[in-house]
Amino acid sequence: MSERRIRVLVAKPGLDGHDRGAKTVASVLRDHGMEVVYTGLHKTPAMIAEIALQEDVDVVGLSILSGAHMELFPRVRQELVERGLDHVLMVGGGIIPGDDMQVLEADGFAKLFGPGTNTDSIAEYIQTEISKRWAAEEAQA
Amino acid sequence: MTETKPISIPEGRQAWEAALEAGKLRDSDFTSLSGSTLEVVYGPEDAPGDPVEDLGWPGQFPFTRGVHPSMYRGRLWTMRQFAGFGTARETNERFKFLLDHGQTGLSVAFDFPTLMGRDGDDEMCRGEVGQVGVAISSIADMEQLFDGIPMNEVSTSMTINGPAPILLAFYIACAERRGLDPAVLQGTVQNDILKEYQAQHAWLVPPEPALRMITDVMEYCTEHVPKWNTISISGYHIREAGSTAAQELAFTLANGLEYVRRGIERGMDVDSFAPRLSFFFDSHLDFFEEIAKFRAARRIWARKMREEFGAKDPRSWMLRFHTQTAGVSLTAQQPENNIVRTAYEALAAVLGGTQSLHTNSMDETLSLPTEKAVKIALRTQQIIAEETEVVHVADPLGGSYYVEALTDKMESEAEAYFNEIKRRGGVVPAIDSGYFQKEIHDSALSYQRAVENGSKKVVGVNCYSEGEESLEIELHRIRPEVEAESLKGLASLRADRDATRATAALDEIRAACNSSANLLQAFITAAHADCTLGEISQVLRDEFGDYIEPKIL
Amino acid sequence: MISWAENGNARFPETLEAIWSQVGRARRMGITGPPGAGKSTLVNELARLIREEESTVGILAVDPSSPLSGGALLGDRIRMEDRTADSGVFIRSMASRGSHGGMARAAVDAMDVMDAFGMHDVLVETVGVGQAEYDVVAAADTVLVVLCPGAGDGVQAMKSGLLELADVIAINKCDLPGADRLTSDMQEAVHLRTAGRDRWASPVVQCSAGKREGVDDVLAAVKSHREHLSDTLPDHRRQKRIQQVRQVVGEGLDEALWKTGGYGEQVEAMLCSGITPYAAASKVTQNLLKSAEENQSNELQA
């Protein structure tokens with residue numbers, strides 16, 4: 001029997017084409033044993049939420065360097081909630097000023113990672129958070 | 001006193017090796033930024049190049065030592081700071097500010113909707129209008145952008161690729177509306193689509209029709225806008241996406257050679273368009289590796305152009321280039337340190353013989369630069385030019401064993417990549433199979449791992465860090481009203497224009513897509529008819545199809 | 001529910017029970033071929049054509065897991081991006097994970113779920129690199145093998161057994177040099193296998209999925225294979241279900257004997273007594289069969 005593995009959606013909302021960070025993080029999460037679905041570039045919030053639904057992911061990670069995070073991040077969150085996916089762990093990264101990070105973290109995002117973040121620490125954060133959730137699920141069941 | 005007997009070079013080397021063996025070394029991997037192994041010291045045997053064939057003198061084939069005989073004694077490089085944000089009016093003000101502070105050329109940064117060929121009122125663009133550059137959706141926006149700026153005097157660089165021919169059409173049409181002959185226009189449009197598929201990812205249509213439009217631009221400008229640089233063949237984005245220096249060099253030149261091939265296939269004489277091709281490189285932190293890269297670039301290009309394509313005009317052999325310091329080398333932590341990084345990178349570009357230079361501002365990992373940060377960045381160049389005295393001597397590092405050995409190595413690594421690309425059927429098939437994208441991703445990943453395991457150091461990030469620091473730096477924010485203003489402008493443009501004329505112009509583009517007519521000509525007609533960027537792009541997408549990236553992960 | 005299947009969650013079998021009456025309506029197509037043959041692009045285009053016929057499509061894209069970390073990068077969706085916005089298309093990416101059988105079973109389960117939830121067509125795509133991947137596509141009604149000039153030539157495809165699986169062979173990127181040669185090679189190979197026998201002769205169809213050319217011909221060939229199957233389809237499927245049952249039984253036995261049944265210790269003791277591995281195996285098998293017979297007769301008596 002297979003064991004349960006963390007499924008992560010790494011997504012690029014909006015028009016910016018800088019995918020170095022997204023692809024690097026996707027590779028690192030894979031190396032930490034996660035199953036990572038990568039969306040490719042130029043996705044709308046609705047497309048990202050639809051993919052998250054179809055792929056039944058535990059985590060949605062958004063990467064953005066276009067400055068449009070305050071518009072696009074909350075919209076992705078809203079689209080996820082509309083599909084009943086409010087339980088999904090939401091994280092994000094990119095060029096995001098500290099004030100904006102605070103606003104987003106108060107608004108449903110579990111954590112935002114700025115430039116220079118150690119990628120292993122992102123993986124560890126996800127592992128810790130998801131194990132907590134799975135433990136809680138099992139306790140309930 | 002006993003007389004010291006002079007020792008021979010091999011004897012000296014032996015003695016040195018013994019001494020080296022006996023000594024103790026620091027704990028470091030002693031590799032270049034790109035991960036190549038480096039020797040402790042370089043000697044004559046490491047740089048066996050021919051002083052005539054491989055070096056020559058400045059201004060002489062193969063131009064290893066520079067493209068001008070006097071280099072910076074004749075003319076300094078153009079200090080060209082890339083700028084653009086918000087509305088055309090705001091960017092227009094920033095341009096005037098920069099011109100007033102001694103900048104000698106303009107460089108337009110566009111926002112993502114413009115880079116992707118979409119109008120500000122497109123549903124895909126919510127939240128992105130005016131964010132990372134200026135929003136230009138029509139000739140009206142272009143007129144506002146250059147309001148009060150003499151288009152016949154300044155040289156303008158436009159960083160745009162997928163829809164580059166359309167933006168160039170807006171610029172030309174704008175000049176025509178002011179009664180100027182396009183022949184007086186000077187500047188550059190990046191218009192380098194191949195590296196978009198490889199690294200930067202702002203495309204409009206698939207490679208083949210995109211290359212056709214670029215060739216149309218080359219053809220049109222050769223005849224009508226002869227002082228315009230029709231393509232700025234760019235390694236910058238390849239490097240910023242994570243490539244090594246040698247990959248940046250090789251992929252960029254391979255792209256350049258592909259454009260030349262296309263021009264020749266169109267039936268143009270190579271010397272009629274090649275002198276208007278220019279290059280754009282990154283200058284990263286590994287000082288000598290970068291200088292070697294610039295020198296090797298000139299040498300390879302000169303050889304290929306003369307030997308492979310039979311170019312006869314020396315201007316076709318010369319690789320002229322713009323440089324931008326490495327944005328990717330900047331850190332969000334302790335951002336003031338970025339001023340120092342940028343200064344070293346700028347110095348490498350100057351010692352490598354650049355024709356123009358953009359220095360990044362210290363706050364660019366956090367947001368668009370503030371006016372103060374931009375000014376410091378510009379002053380960095382001015383200090384090199386006015387205070388360091390490095391500008392008096394051409395190719396000051398020529399003849400350094402180390403730099404010559406690195407230059408030779410860059411050239412041979414590039415040749416190996418050219419062969420691999422050829423084996424894969426050429427640049428476009430290699431793009432389709434994701435070859436470049438995978439190479440770049442692999443290099444980016446191995447660098448990231450090197451930083452995280454500490455074998456590559458980044459000050460403030462994995463050494464000398466100060467923990468959680470609060471950033472006390474003023475940030476440049478885009479006014480939230482920008483999007484609404486842009487939408488309003490578009491609405492009134494569409495309401496006020498002659499609708500019949502606009503539709504006819506779009507139909508003409510559609511017809512041109514399916515014939516051999518010159519598309520740039522059709523875009524200029526459409527610009528005059530107040531057609532928008534998004535409308536023109538949509539016709540192209542309809543006729544040529546969308547592009548989907550290959551899977552490389 | 002697909003996640004339950006993948007994770008071997010105990011809730012899956014009972015849930016499948018609840019929807020089982022709905023399983024069996026969908027047409028199932030397996031698509032495989034060497035890396036770089038353009039499978040995802042072709043799947044995307046096939047899905048587009050099927051959608052134009054007003055049918056709904058479920059796509060299962062299987063990618064290999066990393067043998068080192070057990071993680072996986074699932075990027076097939078990138079090539080199917082224009083399908084994401086379409087509510088009549090459901091795309092699911094699946095990692096192959098460790099065990100061979102496990103992957104094939106989870107894939108069949110996922111197809112069953114898509115089928116039960118009303119997808120008219122279910123497409124499963126794997127990289128054709130080994131037996132495990134072949135098993136996945138072999139569970140479909142029709143197997144489409146995608147080749148292209150250059151990426152893994154025809155000889156390799158023949159050697160690897162890929163062609164024996166193929167009900168339809170698509171030669172993708174047919175504008176590349178070598179496509180005609182590859183096509184005639186494949187036609188010849190099919191002819192050699194089928195000439196004079198009462199067997200389905202797999203059609204070899206050229207297409208260029210990236211340019212949307214010839215994909216309708218591929219779909220037509222798939223349909224003709226379905227027509228050929230029409231009478232035998234129930235039997236065809238039953239044979240595959242028998243395989244599935246065998247596999248699940250095998251896994252169950254494995255679990256019961258070696259993990260919970262204490263057979264490991266028994267065998268260790270036998271080997272210590274100096275008998276050969278074959279003798280030990282023979283003893284274990286005989287014991288098992290004997291106890292199975294006893295159970296059966298007990299049941300009859302009761």
# chains A, B, ... in the order shown; residues from 1 in each chain; ligands from 1

$ closest_atom_pairs --of "chain C" --to "chain B" --cutoff "7 Å" --atoms "only C-alpha atoms" --output "tab-separated table"
residue	atom	partner	partner_atom	distance
C:Gly36	CA	B:Ser433	CA	7.0
C:Leu73	CA	B:Leu553	CA	6.3
C:Gly75	CA	B:Lys551	CA	6.0
C:Asp76	CA	B:Lys551	CA	6.7
C:Ile78	CA	B:Lys551	CA	6.5
C:Arg79	CA	B:Ile548	CA	6.4

$ closest_atom_pairs --of "chain B" --to "chain A" --cutoff "6 Å" --atoms "only C-alpha atoms" --output "CSV"
residue,atom,partner,partner_atom,distance
B:Phe112,CA,A:Leu15,CA,5.9
B:Gly127,CA,A:Ala68,CA,5.0
B:Glu128,CA,A:Ala68,CA,5.3
B:Gln131,CA,A:Gly67,CA,5.9
B:Gln200,CA,A:Gly17,CA,5.8
B:His201,CA,A:Gly17,CA,4.8
B:Ala241,CA,A:Arg20,CA,5.5
B:Leu366,CA,A:Ile95,CA,5.7
B:Leu445,CA,A:Thr24,CA,5.8

$ interface_residues --of "chain A" --to "chain C" --cutoff "8 Å" --atoms "only C-alpha atoms" --output "list in words"
Met1, Ser2, Glu3, Arg4, Arg5, Ala26, Ser27, Leu29, Arg30, Asp31, His32, Gly33, Met34, Glu35, Val36, Val37, Tyr38, Thr39, Gly40, Met47, Glu50, Ile51, Gln54, Glu55 and Asp56 of chain A

$ write_last_selection --atoms "C-alpha atoms" --output "short mmCIF file (atom, residue, chain, number, x, y, z; two decimals), in the first residue's frame"
data_model
loop_
_atom_site.label_atom_id
_atom_site.label_comp_id
_atom_site.auth_asym_id
_atom_site.auth_seq_id
_atom_site.Cartn_x
_atom_site.Cartn_y
_atom_site.Cartn_z
CA MET A 1 0.00 0.00 0.00
CA SER A 2 1.25 3.46 -0.79
CA GLU A 3 1.75 6.02 1.91
CA ARG A 4 0.22 9.45 1.83
CA ARG A 5 2.37 12.13 0.26
CA ALA A 26 9.17 23.09 -7.07
CA SER A 27 12.38 21.10 -7.51
CA LEU A 29 9.91 20.37 -2.64
CA ARG A 30 10.18 17.34 -4.92
CA ASP A 31 13.55 16.60 -3.31
CA HIS A 32 11.80 16.70 0.05
CA GLY A 33 9.49 13.91 -1.10
CA MET A 34 6.47 15.97 -2.08
CA GLU A 35 4.41 15.58 -5.24
CA VAL A 36 4.48 18.92 -6.94
CA VAL A 37 2.12 20.01 -9.68
CA TYR A 38 3.49 23.00 -11.58
CA THR A 39 0.95 25.13 -13.44
CA GLY A 40 3.19 26.84 -15.93
CA MET A 47 -7.56 28.61 -13.26
CA GLU A 50 -9.66 24.90 -10.54
CA ILE A 51 -6.33 23.08 -10.83
CA GLN A 54 -8.80 18.75 -9.68
CA GLU A 55 -5.42 17.84 -8.26
CA ASP A 56 -6.68 17.62 -4.66
#

$ select_by_dssp --residues "stretch 207-257 of chain B" --states "strand (DSSP E)" --output "number ranges by chain"
B: 228-229, 231-234

$ write_last_selection --atoms "N, CA and C atoms" --output "mmCIF file, in the first residue's frame"
data_model
loop_
_atom_site.group_PDB
_atom_site.id
_atom_site.type_symbol
_atom_site.label_atom_id
_atom_site.label_comp_id
_atom_site.auth_asym_id
_atom_site.auth_seq_id
_atom_site.Cartn_x
_atom_site.Cartn_y
_atom_site.Cartn_z
ATOM 1 N N TRP B 228 18.188 53.054 -36.490
ATOM 2 C CA TRP B 228 17.574 52.289 -35.400
ATOM 3 C C TRP B 228 18.239 50.925 -35.237
ATOM 4 N N ASN B 229 18.537 50.562 -33.994
ATOM 5 C CA ASN B 229 19.043 49.206 -33.719
ATOM 6 C C ASN B 229 17.849 48.274 -33.641
ATOM 7 N N ILE B 231 17.454 44.914 -33.268
ATOM 8 C CA ILE B 231 17.337 43.869 -32.243
ATOM 9 C C ILE B 231 18.446 44.093 -31.224
ATOM 10 N N SER B 232 18.111 43.984 -29.978
ATOM 11 C CA SER B 232 19.123 43.988 -28.937
ATOM 12 C C SER B 232 19.163 42.566 -28.404
ATOM 13 N N ILE B 233 20.125 41.825 -28.899
ATOM 14 C CA ILE B 233 20.169 40.386 -28.629
ATOM 15 C C ILE B 233 20.667 40.200 -27.193
ATOM 16 N N SER B 234 19.803 39.632 -26.371
ATOM 17 C CA SER B 234 19.961 39.805 -24.933
ATOM 18 C C SER B 234 20.314 38.530 -24.192
#

$ residues_around --residues "stretch 220-228 of chain C" --least-positions-apart "3" --cutoff "10 Å" --atoms "only C-alpha atoms" --output "PDB file with N, CA and C atoms, in the first residue's frame"
ATOM      1  N   ARG C  27     -15.364   5.513 -22.482  1.00  0.00           N
ATOM      2  CA  ARG C  27     -14.401   4.947 -23.416  1.00  0.00           C
ATOM      3  C   ARG C  27     -13.014   5.264 -22.867  1.00  0.00           C
ATOM      4  N   ARG C  28     -12.133   4.273 -22.812  1.00  0.00           N
ATOM      5  CA  ARG C  28     -10.847   4.487 -22.175  1.00  0.00           C
ATOM      6  C   ARG C  28      -9.702   4.364 -23.176  1.00  0.00           C
ATOM      7  N   MET C  29      -8.866   5.385 -23.151  1.00  0.00           N
ATOM      8  CA  MET C  29      -7.745   5.398 -24.092  1.00  0.00           C
ATOM      9  C   MET C  29      -6.452   5.551 -23.301  1.00  0.00           C
ATOM     10  N   ASP C 141      -9.069   0.554 -23.101  1.00  0.00           N
ATOM     11  CA  ASP C 141      -9.657  -0.203 -24.207  1.00  0.00           C
ATOM     12  C   ASP C 141      -8.757  -0.131 -25.438  1.00  0.00           C
ATOM     13  N   THR C 142      -8.243   1.063 -25.664  1.00  0.00           N
ATOM     14  CA  THR C 142      -7.420   1.288 -26.850  1.00  0.00           C
ATOM     15  C   THR C 142      -6.106   1.908 -26.422  1.00  0.00           C
ATOM     16  N   VAL C 143      -5.004   1.375 -26.917  1.00  0.00           N
ATOM     17  CA  VAL C 143      -3.697   1.928 -26.579  1.00  0.00           C
ATOM     18  C   VAL C 143      -3.136   2.662 -27.792  1.00  0.00           C
ATOM     19  N   LEU C 144      -2.818   3.931 -27.559  1.00  0.00           N
ATOM     20  CA  LEU C 144      -2.248   4.769 -28.605  1.00  0.00           C
ATOM     21  C   LEU C 144      -0.778   4.975 -28.279  1.00  0.00           C
ATOM     22  N   ASP C 167      -2.543  -0.277 -30.265  1.00  0.00           N
ATOM     23  CA  ASP C 167      -3.698  -0.490 -31.128  1.00  0.00           C
ATOM     24  C   ASP C 167      -3.704   0.539 -32.252  1.00  0.00           C
ATOM     25  N   VAL C 168      -3.135   1.714 -31.925  1.00  0.00           N
ATOM     26  CA  VAL C 168      -2.973   2.755 -32.934  1.00  0.00           C
ATOM     27  C   VAL C 168      -1.586   3.355 -32.717  1.00  0.00           C
ATOM     28  N   ILE C 169      -0.886   3.652 -33.815  1.00  0.00           N
ATOM     29  CA  ILE C 169       0.423   4.289 -33.704  1.00  0.00           C
ATOM     30  C   ILE C 169       0.342   5.668 -34.340  1.00  0.00           C
ATOM     31  N   ALA C 170       0.667   6.683 -33.551  1.00  0.00           N
ATOM     32  CA  ALA C 170       0.673   8.051 -34.090  1.00  0.00           C
ATOM     33  C   ALA C 170       2.117   8.474 -34.290  1.00  0.00           C
ATOM     34  N   TRP C 200      -5.994  -7.552 -35.297  1.00  0.00           N
ATOM     35  CA  TRP C 200      -6.126  -6.123 -35.593  1.00  0.00           C
ATOM     36  C   TRP C 200      -4.791  -5.580 -36.086  1.00  0.00           C
ATOM     37  N   ALA C 201      -4.799  -4.993 -37.281  1.00  0.00           N
ATOM     38  CA  ALA C 201      -3.588  -4.380 -37.808  1.00  0.00           C
ATOM     39  C   ALA C 201      -3.572  -2.915 -37.405  1.00  0.00           C
ATOM     40  N   SER C 202      -2.690  -2.575 -36.465  1.00  0.00           N
ATOM     41  CA  SER C 202      -2.692  -1.206 -35.924  1.00  0.00           C
ATOM     42  C   SER C 202      -2.423  -0.180 -37.014  1.00  0.00           C
ATOM     43  N   PRO C 203      -3.336   0.758 -37.189  1.00  0.00           N
ATOM     44  CA  PRO C 203      -3.070   1.801 -38.185  1.00  0.00           C
ATOM     45  C   PRO C 203      -1.928   2.718 -37.730  1.00  0.00           C
ATOM     46  N   VAL C 204      -1.132   3.198 -38.682  1.00  0.00           N
ATOM     47  CA  VAL C 204      -0.052   4.141 -38.386  1.00  0.00           C
ATOM     48  C   VAL C 204      -0.471   5.489 -38.970  1.00  0.00           C
ATOM     49  N   VAL C 205      -0.642   6.491 -38.106  1.00  0.00           N
ATOM     50  CA  VAL C 205      -1.220   7.760 -38.537  1.00  0.00           C
ATOM     51  C   VAL C 205      -0.233   8.894 -38.278  1.00  0.00           C
ATOM     52  N   GLY C 214      -3.753  16.627 -38.433  1.00  0.00           N
ATOM     53  CA  GLY C 214      -3.789  15.167 -38.428  1.00  0.00           C
ATOM     54  C   GLY C 214      -4.337  14.566 -37.147  1.00  0.00           C
ATOM     55  N   VAL C 215      -4.666  15.394 -36.153  1.00  0.00           N
ATOM     56  CA  VAL C 215      -5.154  14.848 -34.887  1.00  0.00           C
ATOM     57  C   VAL C 215      -6.521  14.185 -35.091  1.00  0.00           C
ATOM     58  N   ASP C 216      -7.306  14.749 -36.005  1.00  0.00           N
ATOM     59  CA  ASP C 216      -8.608  14.130 -36.305  1.00  0.00           C
ATOM     60  C   ASP C 216      -8.428  12.735 -36.899  1.00  0.00           C
ATOM     61  N   ASP C 217      -7.351  12.554 -37.676  1.00  0.00           N
ATOM     62  CA  ASP C 217      -7.078  11.219 -38.227  1.00  0.00           C
ATOM     63  C   ASP C 217      -6.740  10.235 -37.114  1.00  0.00           C
ATOM     64  N   ASP C 231     -17.913  -5.857 -30.234  1.00  0.00           N
ATOM     65  CA  ASP C 231     -18.539  -7.086 -29.750  1.00  0.00           C
ATOM     66  C   ASP C 231     -17.756  -7.695 -28.587  1.00  0.00           C
ATOM     67  N   THR C 232     -16.446  -7.572 -28.691  1.00  0.00           N
ATOM     68  CA  THR C 232     -15.609  -8.269 -27.715  1.00  0.00           C
ATOM     69  C   THR C 232     -15.273  -7.390 -26.513  1.00  0.00           C
ATOM     70  N   LEU C 233     -15.728  -6.142 -26.536  1.00  0.00           N
ATOM     71  CA  LEU C 233     -15.329  -5.206 -25.484  1.00  0.00           C
ATOM     72  C   LEU C 233     -15.602  -5.721 -24.069  1.00  0.00           C
TER      73      LEU C 233
END

$ select_by_dssp --residues "chain A" --states "alpha helix (DSSP H)" --output "ChimeraX atom specification"
/A:20-31,45-55,69-82,98-105,119-140

$ residues_around --residues "A:Ile130" --least-positions-apart "2" --cutoff "10 Å" --atoms "only C-alpha atoms" --output "number ranges by chain"
A: 6, 58-59, 88-89, 124-128, 132-136

$ atom_distance --atom1 "atom CA of B:Phe544" --atom2 "atom CA of B:Ala495"
28.6 Å

$ residues_around --residues "C:Gly118" --least-positions-apart "3" --cutoff "12 Å" --atoms "only C-alpha atoms" --output "PyMOL selection string"
chain C and resi 19+21-27+55-58+88-90+111-115+121-122

$ atom_distance --atom1 "atom CA of A:Leu9" --atom2 "atom CA of A:Val60"
4.8 Å

$ closest_residue --among "B:Ala250, B:Arg13, B:Val374, B:Gln103" --to "B:Ala416" --atoms "only C-alpha atoms"
B:Ala250

$ atom_distance --atom1 "atom CA of B:Ile238" --atom2 "atom CA of B:Leu33"
15.3 Å

$ residues_around --residues "B:Gly242" --least-positions-apart "6" --cutoff "9 Å" --atoms "only C-alpha atoms" --output "ChimeraX atom specification"
/A:20 /B:199,328,440-445,447

$ write_last_selection --atoms "C-alpha atoms" --output "PDB file, in the first residue's frame"
ATOM      1  CA  ARG A  20      13.229  30.856 -11.714  1.00  0.00           C
TER       2      ARG A  20
ATOM      3  CA  ALA B 199      14.257  32.570 -20.280  1.00  0.00           C
ATOM      4  CA  VAL B 328      19.761  38.717  -9.305  1.00  0.00           C
ATOM      5  CA  ILE B 440      19.158  27.278 -17.362  1.00  0.00           C
ATOM      6  CA  HIS B 441      16.975  25.664 -14.708  1.00  0.00           C
ATOM      7  CA  ASP B 442      19.693  23.160 -13.824  1.00  0.00           C
ATOM      8  CA  SER B 443      22.276  25.916 -13.405  1.00  0.00           C
ATOM      9  CA  ALA B 444      19.890  27.997 -11.301  1.00  0.00           C
ATOM     10  CA  LEU B 445      19.161  25.044  -9.075  1.00  0.00           C
ATOM     11  CA  TYR B 447      23.644  27.725  -7.653  1.00  0.00           C
TER      12      TYR B 447
END

$ residues_around --residues "B:Leu194" --least-positions-apart "4" --cutoff "9 Å" --atoms "only C-alpha atoms" --output "list in words"
Gln198, Ala199, Pro207, Ala210, Leu211, Ile233, Thr252, Asn255, Val427, Val428 and Ile431 of chain B

$ decode --residues "stretch 33-109 of chain B" --atoms "C-alpha atoms" --output "PDB file, in the first residue's frame"
ATOM      1  CA  LEU B  33      30.602  32.171  -9.743  1.00  0.00           C
ATOM      2  CA  SER B  34      29.585  29.862 -12.590  1.00  0.00           C
ATOM      3  CA  GLY B  35      31.174  26.945 -10.764  1.00  0.00           C
ATOM      4  CA  SER B  36      34.326  26.475 -12.891  1.00  0.00           C
ATOM      5  CA  THR B  37      37.507  25.339 -11.215  1.00  0.00           C
ATOM      6  CA  LEU B  38      40.140  28.060 -10.946  1.00  0.00           C
ATOM      7  CA  GLU B  39      43.930  27.773 -10.733  1.00  0.00           C
ATOM      8  CA  VAL B  40      45.897  29.424  -7.955  1.00  0.00           C
ATOM      9  CA  VAL B  41      47.745  31.524 -10.471  1.00  0.00           C
ATOM     10  CA  TYR B  42      47.882  31.752 -14.264  1.00  0.00           C
ATOM     11  CA  GLY B  43      51.001  31.857 -16.364  1.00  0.00           C
ATOM     12  CA  PRO B  44      52.054  32.197 -19.978  1.00  0.00           C
ATOM     13  CA  GLU B  45      51.237  28.558 -20.771  1.00  0.00           C
ATOM     14  CA  ASP B  46      47.611  29.151 -19.765  1.00  0.00           C
ATOM     15  CA  ALA B  47      47.128  31.887 -22.334  1.00  0.00           C
ATOM     16  CA  PRO B  48      48.875  30.757 -25.483  1.00  0.00           C
ATOM     17  CA  GLY B  49      46.732  32.903 -27.783  1.00  0.00           C
ATOM     18  CA  ASP B  50      48.108  34.591 -30.864  1.00  0.00           C
ATOM     19  CA  PRO B  51      48.567  38.335 -30.285  1.00  0.00           C
ATOM     20  CA  VAL B  52      47.384  39.164 -33.803  1.00  0.00           C
ATOM     21  CA  GLU B  53      44.754  36.501 -34.563  1.00  0.00           C
ATOM     22  CA  ASP B  54      43.184  36.365 -31.117  1.00  0.00           C
ATOM     23  CA  LEU B  55      43.724  39.879 -29.784  1.00  0.00           C
ATOM     24  CA  GLY B  56      44.671  42.538 -32.308  1.00  0.00           C
ATOM     25  CA  TRP B  57      44.353  46.188 -31.237  1.00  0.00           C
ATOM     26  CA  PRO B  58      41.272  48.086 -30.139  1.00  0.00           C
ATOM     27  CA  GLY B  59      39.058  48.730 -33.132  1.00  0.00           C
ATOM     28  CA  GLN B  60      40.659  45.875 -35.066  1.00  0.00           C
ATOM     29  CA  PHE B  61      39.416  42.409 -35.946  1.00  0.00           C
ATOM     30  CA  PRO B  62      38.571  40.309 -33.957  1.00  0.00           C
ATOM     31  CA  PHE B  63      37.829  43.207 -31.579  1.00  0.00           C
ATOM     32  CA  THR B  64      38.774  41.261 -28.447  1.00  0.00           C
ATOM     33  CA  ARG B  65      40.223  44.514 -27.108  1.00  0.00           C
ATOM     34  CA  GLY B  66      37.247  46.729 -27.942  1.00  0.00           C
ATOM     35  CA  VAL B  67      35.327  48.117 -30.893  1.00  0.00           C
ATOM     36  CA  HIS B  68      36.845  51.623 -30.955  1.00  0.00           C
ATOM     37  CA  PRO B  69      40.526  52.484 -31.423  1.00  0.00           C
ATOM     38  CA  SER B  70      40.452  55.073 -28.619  1.00  0.00           C
ATOM     39  CA  MET B  71      37.732  53.405 -26.532  1.00  0.00           C
ATOM     40  CA  TYR B  72      36.514  55.748 -23.795  1.00  0.00           C
ATOM     41  CA  ARG B  73      38.974  58.529 -24.717  1.00  0.00           C
ATOM     42  CA  GLY B  74      36.801  59.173 -27.756  1.00  0.00           C
ATOM     43  CA  ARG B  75      33.429  58.822 -26.086  1.00  0.00           C
ATOM     44  CA  LEU B  76      32.244  57.504 -22.749  1.00  0.00           C
ATOM     45  CA  TRP B  77      29.594  54.830 -22.624  1.00  0.00           C
ATOM     46  CA  THR B  78      25.960  55.929 -22.642  1.00  0.00           C
ATOM     47  CA  MET B  79      24.560  56.060 -19.136  1.00  0.00           C
ATOM     48  CA  ARG B  80      21.145  54.699 -19.669  1.00  0.00           C
ATOM     49  CA  GLN B  81      18.889  54.034 -16.694  1.00  0.00           C
ATOM     50  CA  PHE B  82      15.894  51.872 -17.414  1.00  0.00           C
ATOM     51  CA  ALA B  83      12.742  53.577 -16.143  1.00  0.00           C
ATOM     52  CA  GLY B  84       9.028  53.320 -16.349  1.00  0.00           C
ATOM     53  CA  PHE B  85       6.086  52.958 -14.025  1.00  0.00           C
ATOM     54  CA  GLY B  86       2.503  53.992 -13.692  1.00  0.00           C
ATOM     55  CA  THR B  87       1.015  56.081 -16.429  1.00  0.00           C
ATOM     56  CA  ALA B  88       2.733  57.538 -19.462  1.00  0.00           C
ATOM     57  CA  ARG B  89       2.538  60.964 -17.815  1.00  0.00           C
ATOM     58  CA  GLU B  90       4.380  59.860 -14.668  1.00  0.00           C
ATOM     59  CA  THR B  91       7.107  58.122 -16.631  1.00  0.00           C
ATOM     60  CA  ASN B  92       7.427  61.181 -18.830  1.00  0.00           C
ATOM     61  CA  GLU B  93       8.219  63.184 -15.686  1.00  0.00           C
ATOM     62  CA  ARG B  94      10.836  60.611 -14.560  1.00  0.00           C
ATOM     63  CA  PHE B  95      12.451  60.804 -18.031  1.00  0.00           C
ATOM     64  CA  LYS B  96      12.723  64.551 -17.789  1.00  0.00           C
ATOM     65  CA  PHE B  97      14.226  64.196 -14.298  1.00  0.00           C
ATOM     66  CA  LEU B  98      16.871  61.789 -15.604  1.00  0.00           C
ATOM     67  CA  LEU B  99      17.705  63.958 -18.611  1.00  0.00           C
ATOM     68  CA  ASP B 100      18.102  66.928 -16.269  1.00  0.00           C
ATOM     69  CA  HIS B 101      20.556  64.924 -14.160  1.00  0.00           C
ATOM     70  CA  GLY B 102      22.894  64.178 -16.990  1.00  0.00           C
ATOM     71  CA  GLN B 103      21.521  60.943 -18.382  1.00  0.00           C
ATOM     72  CA  THR B 104      22.180  60.718 -22.089  1.00  0.00           C
ATOM     73  CA  GLY B 105      19.660  58.216 -23.362  1.00  0.00           C
ATOM     74  CA  LEU B 106      16.192  57.007 -22.428  1.00  0.00           C
ATOM     75  CA  SER B 107      15.207  53.458 -21.672  1.00  0.00           C
ATOM     76  CA  VAL B 108      11.571  52.501 -21.387  1.00  0.00           C
ATOM     77  CA  ALA B 109      10.380  49.794 -19.007  1.00  0.00           C
TER      78      ALA B 109
END
